[in-house]
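Coordinates from target-v8.txt are shown below (compact mmCIF, C-alpha atoms and all ligand atoms).
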# COMPACT_ATOMS: atom_id res chain seq x y z
CA MET A 1 161.05 107.35 93.63
CA ASP A 2 164.46 108.65 92.58
CA PRO A 3 164.13 112.46 92.82
CA VAL A 4 165.60 112.82 89.32
CA HIS A 5 162.83 110.63 87.94
CA ALA A 6 160.22 112.41 90.07
CA ASP A 7 161.37 115.69 88.47
CA PHE A 8 161.10 114.12 85.00
CA PHE A 9 157.50 113.15 85.69
CA ALA A 10 156.45 116.38 87.44
CA GLY A 11 158.31 118.92 85.34
CA GLY A 12 157.43 121.12 82.42
CA ALA A 13 159.25 123.24 79.88
CA GLY A 14 161.00 126.55 80.56
CA GLU A 15 159.55 128.54 83.46
CA GLU A 16 156.74 125.97 83.73
CA ARG A 17 154.17 128.73 83.10
CA THR A 18 151.95 126.48 81.00
CA LEU A 19 152.32 123.62 83.46
CA ARG A 20 150.93 125.87 86.20
CA ALA A 21 148.37 127.54 83.92
CA ASN A 22 146.79 124.18 83.09
CA VAL A 23 145.78 123.85 86.75
CA THR A 24 145.07 127.48 87.63
CA ALA A 25 142.83 127.93 84.57
CA TYR A 26 140.35 125.60 86.27
CA ASP A 27 140.46 127.83 89.38
CA ARG A 28 138.97 130.68 87.32
CA LEU A 29 136.09 128.63 85.95
CA ARG A 30 132.99 128.36 88.10
CA ILE A 31 130.06 126.02 87.80
CA VAL A 32 126.56 127.47 87.46
CA PRO A 33 124.50 124.51 88.70
CA ARG A 34 120.97 123.62 87.68
CA VAL A 35 118.50 122.46 90.34
CA LEU A 36 115.39 120.29 90.51
CA ARG A 37 116.57 118.21 87.58
CA ALA A 38 115.74 114.88 89.26
CA THR A 39 118.98 113.30 88.13
CA GLY A 40 118.53 110.14 90.21
CA ASP A 41 121.55 107.86 89.82
CA ARG A 42 124.01 109.32 87.38
CA ASP A 43 125.21 107.39 84.33
CA LEU A 44 128.78 108.27 83.42
CA ARG A 45 129.24 105.72 80.65
CA ILE A 46 130.34 106.87 77.23
CA THR A 47 131.14 105.16 73.95
CA LEU A 48 134.25 106.13 71.97
CA PHE A 49 134.97 104.60 68.57
CA GLY A 50 132.67 101.70 69.35
CA THR A 51 134.15 100.93 72.77
CA GLY A 52 131.91 101.35 75.81
CA LEU A 53 133.69 102.92 78.80
CA ALA A 54 132.57 103.19 82.42
CA THR A 55 133.86 106.74 82.69
CA PRO A 56 134.82 109.72 80.53
CA VAL A 57 138.22 109.79 82.28
CA LEU A 58 141.01 108.13 80.23
CA VAL A 59 144.72 107.57 80.90
CA ALA A 60 146.95 109.93 78.91
CA PRO A 61 150.07 108.54 77.20
CA THR A 62 153.09 109.03 79.45
CA ALA A 63 156.61 107.71 79.10
CA PHE A 64 158.84 105.46 81.19
CA HIS A 65 156.46 103.81 83.71
CA LEU A 66 159.18 101.40 84.86
CA LEU A 67 160.81 104.43 86.50
CA ALA A 68 157.69 104.84 88.63
CA HIS A 69 156.92 101.22 89.52
CA PRO A 70 158.58 97.82 88.93
CA SER A 71 155.45 96.55 87.18
CA GLY A 72 155.53 99.48 84.75
CA GLU A 73 152.99 100.09 82.01
CA ALA A 74 151.45 96.65 82.52
CA ALA A 75 150.26 97.75 85.96
CA THR A 76 148.84 100.96 84.52
CA ALA A 77 146.92 98.94 81.92
CA GLU A 78 145.59 96.59 84.60
CA GLY A 79 144.45 99.53 86.74
CA ALA A 80 142.80 101.32 83.80
CA ALA A 81 141.01 98.12 82.77
CA ALA A 82 139.72 97.61 86.31
CA ALA A 83 138.34 101.17 86.23
CA GLY A 84 136.66 100.45 82.88
CA THR A 85 138.60 102.90 80.80
CA VAL A 86 141.19 103.31 78.04
CA MET A 87 144.91 103.54 78.62
CA VAL A 88 146.81 105.29 75.85
CA VAL A 89 150.16 103.48 75.62
CA SER A 90 153.06 105.86 75.00
CA MET A 91 155.46 105.18 72.16
CA ALA A 92 158.05 105.78 74.89
CA ALA A 93 156.70 102.94 77.04
CA THR A 94 159.35 100.87 78.80
CA GLN A 95 157.50 97.61 78.16
CA PRO A 96 156.42 96.07 74.84
CA VAL A 97 152.85 96.82 73.80
CA GLU A 98 152.22 93.06 73.56
CA ARG A 99 153.08 92.65 77.27
CA ILE A 100 150.96 95.68 78.24
CA ALA A 101 148.01 94.28 76.28
CA GLU A 102 148.21 91.01 78.22
CA ALA A 103 147.67 92.98 81.43
CA GLY A 104 144.52 94.81 80.36
CA GLY A 105 142.62 96.85 77.84
CA PRO A 106 141.12 98.67 76.04
CA LEU A 107 144.31 100.27 74.79
CA TRP A 108 145.06 103.00 72.30
CA PHE A 109 148.60 103.57 71.02
CA GLN A 110 150.37 106.94 70.91
CA LEU A 111 152.70 107.57 68.02
CA TYR A 112 155.37 110.12 67.21
CA PRO A 113 155.48 109.59 63.42
CA GLN A 114 159.09 108.81 62.54
CA PRO A 115 160.81 110.11 59.39
CA ASP A 116 161.48 106.45 58.53
CA LEU A 117 158.05 105.54 57.14
CA ALA A 118 158.73 101.81 56.98
CA PHE A 119 159.68 101.82 60.65
CA THR A 120 156.59 103.89 61.54
CA GLU A 121 154.45 101.34 59.72
CA HIS A 122 156.20 98.52 61.59
CA VAL A 123 155.28 100.17 64.93
CA VAL A 124 151.68 100.67 63.81
CA ARG A 125 151.42 97.00 62.84
CA ARG A 126 152.69 95.96 66.28
CA ALA A 127 150.09 98.17 67.97
CA GLU A 128 147.33 96.78 65.73
CA LYS A 129 148.36 93.17 66.34
CA ALA A 130 148.48 93.76 70.10
CA GLY A 131 144.84 94.86 69.89
CA CYS A 132 145.13 98.63 70.24
CA ARG A 133 141.85 100.19 69.12
CA ALA A 134 143.00 103.65 68.06
CA LEU A 135 146.15 105.62 67.22
CA VAL A 136 146.91 108.88 68.98
CA VAL A 137 149.33 110.92 66.91
CA THR A 138 151.19 113.55 68.92
CA VAL A 139 151.72 116.68 66.83
CA ASP A 140 152.94 119.22 69.39
CA SER A 141 156.53 118.02 69.34
CA PRO A 142 158.34 119.02 66.12
CA VAL A 143 161.28 119.46 68.49
CA PHE A 144 161.69 118.32 72.07
CA GLY A 145 160.64 120.82 74.79
CA ARG A 146 163.36 122.29 77.03
CA ARG A 147 162.75 120.69 80.41
CA GLU A 148 165.13 122.56 82.66
CA ARG A 149 164.72 120.25 85.64
CA ASP A 150 166.05 117.41 83.49
CA THR A 151 168.93 119.56 82.24
CA ARG A 152 169.89 120.52 85.79
CA ASN A 153 169.61 116.89 86.91
CA GLY A 154 171.58 115.59 83.95
CA PHE A 155 168.68 113.29 83.04
CA THR A 156 169.21 112.63 79.36
CA ASP A 157 168.41 108.96 78.94
CA LEU A 158 166.85 105.89 80.51
CA PRO A 159 169.04 104.01 82.98
CA ALA A 160 170.97 100.99 81.67
CA GLY A 161 168.73 97.98 81.14
CA LEU A 162 165.64 100.01 80.22
CA ALA A 163 164.59 101.01 76.72
CA CYS A 164 161.64 102.30 74.72
CA GLU A 165 160.54 98.76 73.95
CA ASN A 166 158.22 99.70 71.11
CA MET A 167 161.07 101.34 69.24
CA ARG A 168 162.79 98.02 68.50
CA ASP A 169 163.42 97.44 64.82
CA ALA A 170 163.74 94.15 62.93
CA THR A 171 167.29 93.70 64.29
CA GLY A 172 166.02 94.04 67.87
CA ARG A 173 167.74 97.39 68.43
CA ALA A 174 165.69 100.03 70.29
CA ARG A 175 165.89 103.17 68.16
CA ASP A 176 165.84 106.68 69.59
CA ILE A 177 162.53 108.50 69.15
CA VAL A 178 163.00 111.24 66.56
CA MET A 179 161.03 114.46 66.99
CA ASP A 180 160.43 115.41 63.38
CA PRO A 181 160.27 119.11 62.46
CA GLY A 182 159.31 118.04 58.93
CA LEU A 183 156.02 116.53 60.07
CA GLY A 184 153.00 117.92 58.19
CA TRP A 185 149.40 117.00 57.38
CA ASP A 186 150.62 114.99 54.38
CA ARG A 187 152.12 112.45 56.81
CA LEU A 188 148.78 112.04 58.55
CA GLY A 189 147.26 111.44 55.13
CA TRP A 190 149.88 108.74 54.57
CA LEU A 191 149.11 107.21 57.97
CA ARG A 192 145.44 107.10 57.01
CA THR A 193 146.40 104.86 54.07
CA VAL A 194 148.42 102.56 56.34
CA THR A 195 145.85 101.75 59.01
CA GLY A 196 142.12 101.31 59.42
CA LEU A 197 142.31 102.27 63.10
CA PRO A 198 140.68 105.51 64.20
CA ILE A 199 143.31 108.27 64.30
CA LEU A 200 143.23 111.06 66.89
CA VAL A 201 145.57 114.06 66.68
CA LYS A 202 146.97 115.07 70.07
CA GLY A 203 148.24 118.55 70.73
CA ILE A 204 145.67 120.80 69.04
CA LEU A 205 145.20 124.26 70.59
CA HIS A 206 144.24 126.51 67.64
CA PRO A 207 140.72 126.29 66.14
CA ALA A 208 142.16 126.54 62.61
CA ASP A 209 144.14 123.34 63.25
CA ALA A 210 141.01 121.70 64.62
CA ARG A 211 139.21 122.49 61.33
CA LEU A 212 142.19 121.07 59.40
CA ALA A 213 142.05 117.89 61.47
CA VAL A 214 138.43 117.40 60.44
CA GLU A 215 139.20 118.25 56.79
CA HIS A 216 142.06 115.70 56.78
CA GLY A 217 139.74 112.93 57.89
CA MET A 218 140.97 112.58 61.46
CA ASP A 219 138.61 110.64 63.70
CA GLY A 220 139.16 112.67 66.86
CA LEU A 221 141.41 115.25 68.42
CA ILE A 222 142.93 115.97 71.79
CA VAL A 223 143.22 119.55 72.98
CA SER A 224 146.56 119.45 74.75
CA ASN A 225 149.77 121.34 75.39
CA HIS A 226 151.55 118.14 76.43
CA GLY A 227 151.10 118.93 80.10
CA GLY A 228 153.21 122.09 79.70
CA ARG A 229 156.26 120.08 78.62
CA GLN A 230 156.64 121.45 75.10
CA LEU A 231 155.90 125.15 74.37
CA ASP A 232 156.13 127.04 77.65
CA GLY A 233 153.77 130.00 77.41
CA ALA A 234 151.21 128.02 75.41
CA ILE A 235 147.58 128.59 76.32
CA ALA A 236 146.12 126.40 79.09
CA SER A 237 144.31 123.54 77.45
CA VAL A 238 140.91 124.26 79.05
CA ASP A 239 141.19 127.86 77.81
CA ALA A 240 141.72 126.58 74.26
CA LEU A 241 138.86 124.09 74.45
CA PRO A 242 135.76 126.24 73.75
CA ALA A 243 137.08 127.67 70.46
CA VAL A 244 138.29 124.24 69.31
CA ALA A 245 134.96 122.61 70.19
CA GLU A 246 133.13 125.34 68.27
CA ALA A 247 135.38 124.89 65.22
CA VAL A 248 134.77 121.13 65.23
CA GLY A 249 131.05 121.58 65.67
CA GLY A 250 130.45 118.01 66.84
CA ARG A 251 131.85 116.41 63.67
CA ILE A 252 134.46 114.36 65.59
CA PRO A 253 135.03 113.75 69.31
CA VAL A 254 137.10 116.40 71.07
CA LEU A 255 139.10 115.22 74.08
CA VAL A 256 141.20 117.37 76.40
CA ASP A 257 144.05 116.87 78.85
CA GLY A 258 146.20 119.01 81.13
CA GLY A 259 145.67 119.99 84.75
CA ILE A 260 142.65 117.78 85.40
CA ARG A 261 142.78 116.88 89.09
CA ARG A 262 139.19 116.91 90.43
CA GLY A 263 135.70 115.87 89.41
CA THR A 264 134.84 119.55 89.01
CA ASP A 265 137.65 119.89 86.43
CA VAL A 266 136.22 116.98 84.46
CA LEU A 267 132.73 118.46 84.70
CA VAL A 268 133.93 121.85 83.41
CA ALA A 269 135.86 120.24 80.52
CA LEU A 270 132.86 118.16 79.45
CA ALA A 271 130.57 121.20 79.73
CA LEU A 272 132.93 123.22 77.52
CA GLY A 273 132.70 120.66 74.74
CA ALA A 274 134.94 117.71 75.55
CA THR A 275 133.61 114.19 75.02
CA ALA A 276 136.20 112.81 77.45
CA VAL A 277 139.31 113.87 79.34
CA LEU A 278 142.73 112.30 79.88
CA VAL A 279 144.86 112.39 83.00
CA GLY A 280 148.66 112.22 82.98
CA ARG A 281 150.72 112.95 86.10
CA PRO A 282 148.15 111.87 88.73
CA VAL A 283 148.11 108.41 87.16
CA ILE A 284 151.91 108.19 87.37
CA THR A 285 151.76 109.22 91.05
CA ALA A 286 149.10 106.59 91.69
CA LEU A 287 151.16 103.97 89.86
CA GLY A 288 154.24 104.84 91.90
CA GLY A 289 152.35 104.68 95.16
CA GLY A 290 150.17 101.65 94.59
CA GLY A 291 150.84 99.89 91.28
CA ALA A 292 147.78 98.60 89.42
CA ALA A 293 145.54 99.02 92.47
CA GLY A 294 146.74 102.59 92.88
CA VAL A 295 145.88 103.42 89.27
CA ARG A 296 142.49 101.72 89.57
CA ASP A 297 141.69 103.56 92.81
CA HIS A 298 142.77 106.91 91.43
CA LEU A 299 140.57 106.53 88.35
CA ARG A 300 137.64 105.28 90.39
CA THR A 301 138.01 108.11 92.91
CA LEU A 302 138.12 110.74 90.18
CA THR A 303 135.07 109.16 88.55
CA ALA A 304 133.19 109.02 91.88
CA ASP A 305 134.08 112.68 92.42
CA LEU A 306 132.68 113.50 88.98
CA ASP A 307 129.51 111.56 89.78
CA HIS A 308 129.12 113.52 93.03
CA VAL A 309 129.58 116.97 91.47
CA MET A 310 127.29 116.09 88.57
CA ALA A 311 124.53 115.39 91.12
CA LEU A 312 125.22 118.77 92.73
CA ALA A 313 125.19 120.51 89.34
CA GLY A 314 121.98 118.81 88.20
CA ALA A 315 123.38 116.59 85.45
CA ARG A 316 122.61 112.91 84.97
CA ARG A 317 124.81 112.09 81.99
CA PRO A 318 127.93 113.62 80.45
CA ALA A 319 125.73 114.77 77.56
CA ASP A 320 123.74 116.94 80.01
CA LEU A 321 126.82 119.09 80.59
CA THR A 322 126.56 122.19 78.44
CA PRO A 323 128.57 125.45 78.26
CA ASP A 324 125.92 127.46 80.11
CA LEU A 325 126.92 125.58 83.27
CA VAL A 326 130.32 127.31 83.30
CA ALA A 327 131.13 130.96 84.06
CA VAL A 328 134.48 132.75 84.26
CA ALA A 329 135.10 134.09 87.78
CA ARG A 330 135.83 137.82 87.95
C1 LIG A 401 156.11 112.18 82.45
C2 LIG A 401 155.29 112.49 81.26
C3 LIG A 401 155.53 111.79 80.08
C4 LIG A 401 154.76 112.05 78.95
N1 LIG A 401 154.96 111.31 77.85
C5 LIG A 401 154.19 111.53 76.76
C6 LIG A 401 154.36 110.72 75.62
O1 LIG A 401 155.18 109.82 75.59
N2 LIG A 401 153.59 111.00 74.56
C7 LIG A 401 152.66 112.00 74.55
O2 LIG A 401 151.99 112.22 73.56
N3 LIG A 401 152.47 112.76 75.64
C8 LIG A 401 153.21 112.54 76.74
N4 LIG A 401 153.00 113.28 77.86
C9 LIG A 401 151.90 114.27 77.88
C10 LIG A 401 150.60 113.61 78.39
O3 LIG A 401 150.09 112.72 77.44
C11 LIG A 401 149.51 114.63 78.71
O4 LIG A 401 149.34 115.48 77.59
C12 LIG A 401 149.77 115.47 79.94
O5 LIG A 401 150.48 114.76 80.92
C13 LIG A 401 148.44 115.95 80.53
O6 LIG A 401 148.66 116.80 81.59
P1 LIG A 401 148.59 116.35 83.14
O7 LIG A 401 149.85 115.64 83.44
O8 LIG A 401 148.48 117.69 83.83
O9 LIG A 401 147.35 115.51 83.34
C14 LIG A 401 153.75 113.05 78.99
C15 LIG A 401 153.52 113.74 80.18
C16 LIG A 401 154.26 113.46 81.30
C17 LIG A 401 153.97 114.21 82.56
C1 LIG A 402 163.44 110.98 73.49
C2 LIG A 402 162.46 110.31 74.43
C3 LIG A 402 161.13 110.84 74.16
C4 LIG A 402 160.23 110.59 75.31
C5 LIG A 402 159.03 111.43 75.11
C6 LIG A 402 158.15 111.39 76.25
C7 LIG A 402 157.34 112.61 76.29
O1 LIG A 402 156.57 112.90 75.41
C8 LIG A 402 157.45 113.47 77.41
O2 LIG A 402 156.69 114.45 77.50
O3 LIG A 402 158.33 113.25 78.25
If you convert what's in this file into structure tokens, what do you get?
Amino acid sequence: MDPVHADFFAGGAGEERTLRANVTAYDRLRIVPRVLRATGDRDLRITLFGTGLATPVLVAPTAFHLLAHPSGEAATAEGAAAAGTVMVVSMAATQPVERIAEAGGPLWFQLYPQPDLAFTEHVVRRAEKAGCRALVVTVDSPVFGRRERDTRNGFTDLPAGLACENMRDATGRARDIVMDPGLGWDRLGWLRTVTGLPILVKGILHPADARLAVEHGMDGLIVSNHGGRQLDGAIASVDALPAVAEAVGGRIPVLVDGGIRRGTDVLVALALGATAVLVGRPVITALGGGGAAGVRDHLRTLTADLDHVMALAGARRPADLTPDLVAVAR
């Protein structure tokens, strides 16, 4: 991979404190296993918004897959489908959602709501027609994070010939994605009137915002700091999870992403109240190294690792994972 593109994928905002914290937070959390629970074979299947999945590990929305592999997002979708899970297609995908959907599913579509409402609706309609089963609205990006690796590398745009294919308007021009500092809950209310798809808000860290998400009729939320690429210094996502899960109180599914690398990380996240987790950078690395098969193998390996540690912790199903199984290391 071009080192400039590798830096785009790997990097975070500012000093990359939050990027690192997402991973190191899991180092401080220890599992308190149960024994003699006769788990037998584990059953990792879950159902989200009516879709049965083989694993609680989903693919987070990430931009520009054609910079990682010549088969791009289509290969990621194929790999996710083979692993029996959801891929969340980024609004900044380098292939059209229709092409990605041909390669595999189930898909959800990630949206940065644009100030141009008619254009936003146009993008939603494309996602719906392509068969996407949920919308993931990213709300942690009123402005774009300062990614200093990209600044140093002079990486400001996609190379010639590539575009954010889902940003094409009726004239065929690919518009720039606008990060909208005017975005508020009213716009999510508007979106609710535009689509019947389940809507998840991505980028919740504060329990008060989690309560607002429920009050505004959102169908799910994702505890996330955007993989440390937006507000450097933001709380690690797994550290934010318990308070958010408590605020939601089981009314809607709570998902989490950021720093999830091992089965033990997934186990801890599920125990602390997540219904499912999403993985970002490791999927891009797997795509770059092995295309669709790489993505499939990564997701299957992570799921097999989860299965293994659930046996060791005395849990048969994701629902058996409860907060008492996690302690903070001193
Ligand atoms: C290269 C890259 C591109 C990303 N693009 C998007 C995006 O287009 N939309 C979005 O909501 N989040 C985006 N994210 C954030 C991810 O969805 C996710 O929150 C994050 O990667 C999770 O952390 P992890 O990489 O440690 O697993 C991106 C992350 C990376 C690393
Ligand atoms: C102006 C292009 C926006 C791409 C956004 C991708 C993204 O969210 C990221 O973290 O990178």
Near Leu267 in chain A, counting only C-alpha atoms, which residues have an atom at most 12 Å away, once you skip same-chain residues fewer than 5 positions from it, shown as a CSV table (one decimal) with C-alpha atoms, in the coordinates of the input?
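Generated file (out-v2.csv):
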chain,number,residue,atom,x,y,z
A,26,TYR,CA,140.4,125.6,86.3
A,29,LEU,CA,136.1,128.6,86.0
A,30,ARG,CA,133.0,128.4,88.1
A,31,ILE,CA,130.1,126.0,87.8
A,32,VAL,CA,126.6,127.5,87.5
A,33,PRO,CA,124.5,124.5,88.7
A,44,LEU,CA,128.8,108.3,83.4
A,55,THR,CA,133.9,106.7,82.7
A,56,PRO,CA,134.8,109.7,80.5
A,57,VAL,CA,138.2,109.8,82.3
A,238,VAL,CA,140.9,124.3,79.0
A,256,VAL,CA,141.2,117.4,76.4
A,260,ILE,CA,142.6,117.8,85.4
A,261,ARG,CA,142.8,116.9,89.1
A,262,ARG,CA,139.2,116.9,90.4
A,272,LEU,CA,132.9,123.2,77.5
A,273,GLY,CA,132.7,120.7,74.7
A,274,ALA,CA,134.9,117.7,75.6
A,275,THR,CA,133.6,114.2,75.0
A,276,ALA,CA,136.2,112.8,77.4
A,277,VAL,CA,139.3,113.9,79.3
A,302,LEU,CA,138.1,110.7,90.2
A,303,THR,CA,135.1,109.2,88.6
A,304,ALA,CA,133.2,109.0,91.9
A,305,ASP,CA,134.1,112.7,92.4
A,306,LEU,CA,132.7,113.5,89.0
A,307,ASP,CA,129.5,111.6,89.8
A,308,HIS,CA,129.1,113.5,93.0
A,309,VAL,CA,129.6,117.0,91.5
A,310,MET,CA,127.3,116.1,88.6
A,311,ALA,CA,124.5,115.4,91.1
A,312,LEU,CA,125.2,118.8,92.7
A,313,ALA,CA,125.2,120.5,89.3
A,314,GLY,CA,122.0,118.8,88.2
A,315,ALA,CA,123.4,116.6,85.4
A,316,ARG,CA,122.6,112.9,85.0
A,317,ARG,CA,124.8,112.1,82.0
A,318,PRO,CA,127.9,113.6,80.4
A,319,ALA,CA,125.7,114.8,77.6
A,320,ASP,CA,123.7,116.9,80.0
A,321,LEU,CA,126.8,119.1,80.6
A,322,THR,CA,126.6,122.2,78.4
A,323,PRO,CA,128.6,125.4,78.3
A,325,LEU,CA,126.9,125.6,83.3
A,326,VAL,CA,130.3,127.3,83.3
Using only C-alpha atoms and all ligand atoms, what table do you get, as a tab-separated table, when you list each residue of chain A with an atom no more than 9 Å from ligand LIG 401 (chain A), its nearest pair of atoms, and their distance in Å rounded to one decimal, rows by chain then rising number?
residue	atom	partner	partner_atom	distance
A:His5	CA	A:LIG401	C1	8.8
A:Ala6	CA	A:LIG401	C1	8.7
A:Asp7	CA	A:LIG401	C1	8.7
A:Phe8	CA	A:LIG401	C1	5.9
A:Phe9	CA	A:LIG401	C1	3.7
A:Ala10	CA	A:LIG401	C17	5.9
A:Gly11	CA	A:LIG401	C17	7.0
A:Gly12	CA	A:LIG401	C17	7.7
A:Leu19	CA	A:LIG401	O8	7.1
A:Arg20	CA	A:LIG401	O8	8.9
A:Asn22	CA	A:LIG401	O8	6.7
A:Val23	CA	A:LIG401	O8	7.3
A:Val59	CA	A:LIG401	O3	8.2
A:Ala60	CA	A:LIG401	O3	4.5
A:Pro61	CA	A:LIG401	O3	4.2
A:Thr62	CA	A:LIG401	N1	3.4
A:Ala63	CA	A:LIG401	N1	4.2
A:Phe64	CA	A:LIG401	C3	7.2
A:His65	CA	A:LIG401	C1	8.5
A:Val88	CA	A:LIG401	O3	8.3
A:Val89	CA	A:LIG401	O1	8.1
A:Ser90	CA	A:LIG401	O1	4.5
A:Met91	CA	A:LIG401	O1	5.8
A:Ala92	CA	A:LIG401	O1	5.0
A:Ala93	CA	A:LIG401	O1	7.2
A:Gln110	CA	A:LIG401	O2	6.1
A:Leu111	CA	A:LIG401	O2	7.3
A:Tyr112	CA	A:LIG401	O2	7.5
A:Val136	CA	A:LIG401	O2	7.6
A:Val137	CA	A:LIG401	O2	7.3
A:Thr138	CA	A:LIG401	O2	4.9
A:Val139	CA	A:LIG401	O2	8.1
A:Asp140	CA	A:LIG401	O2	8.2
A:Ser141	CA	A:LIG401	O2	8.5
A:Lys202	CA	A:LIG401	O2	6.7
A:Gly203	CA	A:LIG401	O4	7.6
A:Ile222	CA	A:LIG401	O4	8.7
A:Val223	CA	A:LIG401	O4	8.7
A:Ser224	CA	A:LIG401	O4	5.6
A:Asn225	CA	A:LIG401	O4	6.3
A:His226	CA	A:LIG401	O4	3.6
A:Gly227	CA	A:LIG401	O6	3.6
A:Gly228	CA	A:LIG401	O6	7.2
A:Arg229	CA	A:LIG401	C15	7.1
A:Val256	CA	A:LIG401	O4	8.4
A:Asp257	CA	A:LIG401	C13	4.8
A:Gly258	CA	A:LIG401	O6	3.3
A:Gly259	CA	A:LIG401	O8	3.7
A:Ile260	CA	A:LIG401	O9	5.6
A:Arg261	CA	A:LIG401	O9	7.5
A:Leu278	CA	A:LIG401	O9	6.6
A:Val279	CA	A:LIG401	O9	4.0
A:Gly280	CA	A:LIG401	O9	3.6
A:Arg281	CA	A:LIG401	O7	3.9
A:Pro282	CA	A:LIG401	O9	6.6
A:Val283	CA	A:LIG401	O9	8.1
A:Ile284	CA	A:LIG401	C1	7.6
Glu246 in chain A: which residues within 9 Å, counting all atoms listed in the file, same-chain residues fewer than 4 positions away excluded, as a CSV table (one decimal) with C-alpha atoms, keeping the file's coordinate frame?
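Once everything was written out, this is result.csv:
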chain,number,residue,atom,x,y,z
A,207,PRO,CA,140.7,126.3,66.1
A,241,LEU,CA,138.9,124.1,74.4
A,242,PRO,CA,135.8,126.2,73.8
A,250,GLY,CA,130.4,118.0,66.8
A,273,GLY,CA,132.7,120.7,74.7
Draw an axis-aligned box over all listed atoms of ligand LIG 402 (chain A), pad each side with 4 Å, and write its centre and edge lengths in Å, one decimal, as JSON.
{"center_x": 160.0, "center_y": 112.4, "center_z": 75.9, "size_x": 14.9, "size_y": 12.1, "size_z": 12.8}
Worksheet entry | Separation of atom O2 of ligand LIG 402 (chain A) from CA of Ala82 in chain A in Å | 25.5 Å
Fill in: Among the residues A:Leu231, A:Leu183, A:Ala75, A:Ala13, the one that comes closest to Ala293 in chain A [using all atoms listed in the file]
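Distance minimum relative to Ala293 in chain A lands on A:Ala75.
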Worksheet entry | Top pick for closest residue to Ala213 in chain A, considering A:Met179, A:Ala174, A:Val254, A:Ala83 and counting only C-alpha atoms |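 Using only C-alpha atoms, Ala213 in chain A sits closest to A:Val254.
Among the candidates A:Pro198, A:Gly289, A:Pro142, A:Gly161, the residue lying nearest to ligand LIG 402 (chain A) is A:Pro142 (atoms considered: all atoms listed in the file).
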